[in-house]
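S.K.: One structure, as structure tokens, below. Some questions next.
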Amino acid sequence: MTTAELVRALRHDFGAAIQSVEEPVSDKVRVAVTPESVVAVAKSLYRDYGARFLITAGIDSRKDRDGFDVDHIFSLDKEQIFFIVRTTVPSDGPHVAAITPEVPAAAWAERELQDLLGVKADGLLDGRRLILPDDWPEGVHPLRKDIKYGDWPPLGDGTGEATYPWKPAPEGTSTVVVGPFFPVLEEPTQLRLYVDGERVIDCDYRGFYNHRAIEKMGDSELTYNEIPFVAERICGICGFIHSSCYCEAAEEALGITAPRRARYIRSLMLELERIHSHMLWTGIAGHILGFDTVLMQTWRMREPLMWLCEKISGNRKTYGMNIIGGVRRDISRDLYPEILSVVEKIEQEWAQLYDAVQGDTILKARLVGVGMLPEETAKALAAVGPTGRGSNQAIDARADHPYAAYDEVPAKVITHPDCDNWARVVVRLEETLESVRWIREGLKEMPDGPVMATDIAETVPAGHWGVCTVEAPRGEAIHYLVTGGDNRPDRWRVRAPTYANLQALPSMIKDETIADVPITLGSMDPCFSCTERVEVVNMRSGEAETLTHQELLTRSRAATERLRGR
Amino acid sequence: MIISKLKEALICFKAGRVTLPYPFAPHDPEDGFHGRVVVDAEKCVGCGGCAEVCPPRCIEVSDPDPDRRVLDFLLERCTYCARCAEVCPEEAVTVTKEYETATNDLNDMHMHIEVFMSTCRRCGRCYEPPTPLDRLMVTGFRPPTGKSEEA
């Protein structure tokens with residue numbers, strides 16, 4: 001189905017509710033609809049046309065048309081179409097009908113819309129705060145344009161007046177408070193597990209303690225070419241995907257074409273990043289399970305790759321290579337043999353490791369059948385990356401919306417039907433080998449030529465937009481950019497992959513034991529951390545005990561030891 | 001099970017010892033490494049291009065009086081992206097391979113450069129005089145050796 005057919009079908013179904021259609025770049029459509037029909041259109045896209053919900057971006061457009069724009073971004077993966085449903089709500093007491101009851105994956109996005117822009121989503125089952133702190137005053141919404149970057153409203157005095165409305169614990173369960181500094185996630189995050197004995201019955205999540213206001217900085221402080229460097233710092237392990245995604249979206253919005261060679265270099269760096277991220281993850285997963293040989297060996301294999309990246313970009317990590325219009329450094333042809341020899345050594349060692357891990361019955365006993373994420377749940381919650389692909393969802397931005405050089409050298413999408421932690425391990429192990437294959441092909445096809453576009457216009461028009469997805473090692477990242485007048489975006493929306501995957505966590509850890517929680521969370525590959533503590537409050541006895549990071553790790557590892565029969 | 005453990009053991013044996021004796025033996029980075037930046041005050045014309053592009057904004061430019069432009073490099077905030085070196089028209093900013101920058105004294109990470117400049121009669125802003133001969137006419141001009149001080 002083409003965009004024209006899709007728009008015609010929607011016009012047929014909804015008539016005058018479809019107000020306008022923009023398609024500045026082929027297969028990227030933005031349709032303005034009336035606020036009354038937004039739920040019906042979203043439902044129709046999701047149910048009838050198989051569109052996958054990506055993210056919602058709210059834009060404060062009060063200076064232009066006295067309203068707030070709410071853009072729901074959908075993807076039609078098979079047809080390689082981005083479909084944005086825009087509705088504009090009046091600025092006086094803004095509210096919009098929530099699409100979450102029909103499109104479950106939108107839950108966090110709409111809670112975020114309420115928090116940051118103050119556009120109330122009517123009909124949310126769970127309308128609690130997602131991002132704003134507990135003691136943040138009502139009616140102050142940081143992403144509105146009248147709030148300056150760095151403004152800080154008067155907060156409570158910290159005497160404990162403000163509390164978060166946690167879900168009540170189900171009858172007969174104890175509450176295990178994990179966080180607010182989570183032992184396995186890098187970010188400060190709080191998870192409340194409602195457990196009966198060792199078994200997790202339910203859980204509740206509170207995060208965003210470390211919200212850095214990067215989007216706000218992007219539309220009020222930084223300039224177009226400074227953002228790639230800040231975007232790269234959104235993630236410490238897969239930063240290059242964010243700068244690539246931003247640059248591709250910005251190039252589309254500004255009408256700049258990056259030279260072919262620059263796009264090959266981007267793809268090459270992205271694949272190198274995927275390899276070292278998956279190797280790092282495999283090591284950490286082994287560490288959580290008390291299997292430190294894997295940790296030591298994968299990180300040893302990874303090190304030559306880090307040195308290679310340092311040689312290519314000048315930095316071991318956070319390369320700073322991307323800029324709007326291309327890349328800042330060319331790769332000399334003399335370096336090709338070295339790149340090949342490094343990744344082929346990894347390929348050879350990785351195959352041995354894969355072989356060894358596959359035969360390890362104890363390791364498999366901890367992973368097979370644990371942390372189940374059924375296919376339907378993965379689809380409904382729009383899980384992405386290896387978390388989604390481990391549940392047989394063939395979602396991979398490299399195939400769905402080819403960017404950089406993946407239109408010329410495609411990457412194979414690897415899925416696994418088992419839906420458990422082992423499936424996610426296998427997907428990552430195989431993707432590492434697939435990335436090596438891509439690098440071999442990509443280097444062969446890489447054209448010569450300039451790495452930086454030269455036809456960049458002096459002035460940048462306002463109101464243009466671009467959207468891009470990039471497949472990070474953890475899943476699909478989305479950047480949506482609307483250009484502004486003063487050499488910076490009017491709105492820059494970022495969705496990192498863990499945002500989508502974390503919403504699937506409650507169903508993954510349901511009915512698991514506490515010892516399986518770290519590896520199940522870990523199987524999603526959020527960022528990892530150490531030196532944090534966990535507190536266990538026994539609601540029945542009222543006793544509180546405190547688990548350190550070490551003790552939680554010990555629990556996880558003891559489960560492996562029991563299997564080893566020691 | 002046993003076979004897989006033997007395979008794992010084999011991977012470890014094959015690897016041998018891989019750790020380096022750093023810091024007892026130096027570990028020099030490759031060419032093109034982005035280390036600490038240094039600025040050649042002789043070459044700097046005070047255009048402030050580096051400050052314009054610096055993503056972490058660690059270069060501060062000020063004009064304390066009409067003939068003097070001051071550039072302060074606060075390198076503790078540097079992210080080693082080397083954009084300053086890329087845009088410098090005079091190649092005054094260079095990237096070194098120095099990475100052992102840990103220090104107890106923050107001043108070690110600061111560079112203070114004063115460039116003596118002329119003032120445009122029309123707009124009153126500083127500009128670099130075109131030749132050294134013109135520079136001698138700028139009030140407050142000192143001989144090159146004392147021209148800049150690096151704190």
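Ordering of the structure tokens sets the chain letters (A, B, ...), residue numbers begin anew at 1 in every chain, and ligands are numbered from 1 in the order given.
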When DSSP is applied to the backbone of this structure, which of region 27-112 of chain B are assigned helix (DSSP H, G or I)? Write them out as a PyMOL selection string.
M.R.: chain B and resi 49-53+75-77+83-87+106-109
S.K.: Show me, as a list in words, the residues of chain A whose atoms get within 8 Å of chain B, using only C-alpha atoms for the distance check.
M.R.: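 Only these qualify: Asn225, Glu226, Ile227, Phe229, Val230, Thr293, Gln297, Arg300, Glu310, Lys311, Ser313, Gly314, Asn315, Tyr319, Gly320, Gln352, Leu353, Asp355, Ala356, Val357, Gln358, Gly359, Asp360 and Thr361 of chain A.
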S.K.: How many Å separate CA of Cys309 (chain A) from CA of Val87 (chain B)?
M.R.: 23.0 Å
S.K.: Excluding Met452 (chain A) and residues on its chain fewer than 3 positions from it, collect all residues at most 7 Å away from it, counting only C-alpha atoms, and give them as a list of chain:residue names.
M.R.: A:Ala258, A:Pro259, A:Ala262, A:Gly325, A:Gly326, A:Val327
S.K.: May I have all residues of chain B that DSSP, computed from the backbone, assigns to strand (DSSP E or B), given as a count of residues only?
M.R.: 31
S.K.: As a PyMOL selection string, please: the residues near Lys78 (chain A) (cut-off 10 Å, only C-alpha atoms, same-chain neighbours under 2 positions excluded).
M.R.: chain A and resi 1+50-51+75-76+80-81+394-395+399-401
S.K.: What are the closest atom pairs, with distances in Å to one decimal, for each residue of region 486-527 of chain A lying within 12 Å of region 134-155 of chain A, using only C-alpha atoms, rows by chain and rising residue number, as a Markdown table?
M.R.:
```
| residue | atom | partner | partner_atom | distance |
| --- | --- | --- | --- | --- |
| A:Asp490 | CA | A:Lys145 | CA | 9.5 |
| A:Arg491 | CA | A:Leu143 | CA | 9.4 |
| A:Trp492 | CA | A:Leu143 | CA | 10.9 |
| A:Arg493 | CA | A:Leu143 | CA | 11.0 |
```
S.K.: Take the residues from that selection and put them in a file with N, CA and C atoms, as a CSV table (one decimal), in the first residue's frame.
M.R.:
```
chain,number,residue,atom,x,y,z
A,490,ASP,N,12.6,23.8,16.5
A,490,ASP,CA,11.5,24.3,17.2
A,490,ASP,C,11.1,23.1,18.2
A,491,ARG,N,11.3,21.9,17.7
A,491,ARG,CA,11.0,20.8,18.6
A,491,ARG,C,11.9,19.6,18.1
A,492,TRP,N,12.5,19.0,19.1
A,492,TRP,CA,13.4,17.8,18.8
A,492,TRP,C,13.0,16.7,19.7
A,493,ARG,N,12.3,15.7,19.1
A,493,ARG,CA,11.8,14.6,20.0
A,493,ARG,C,12.7,13.4,19.8
```
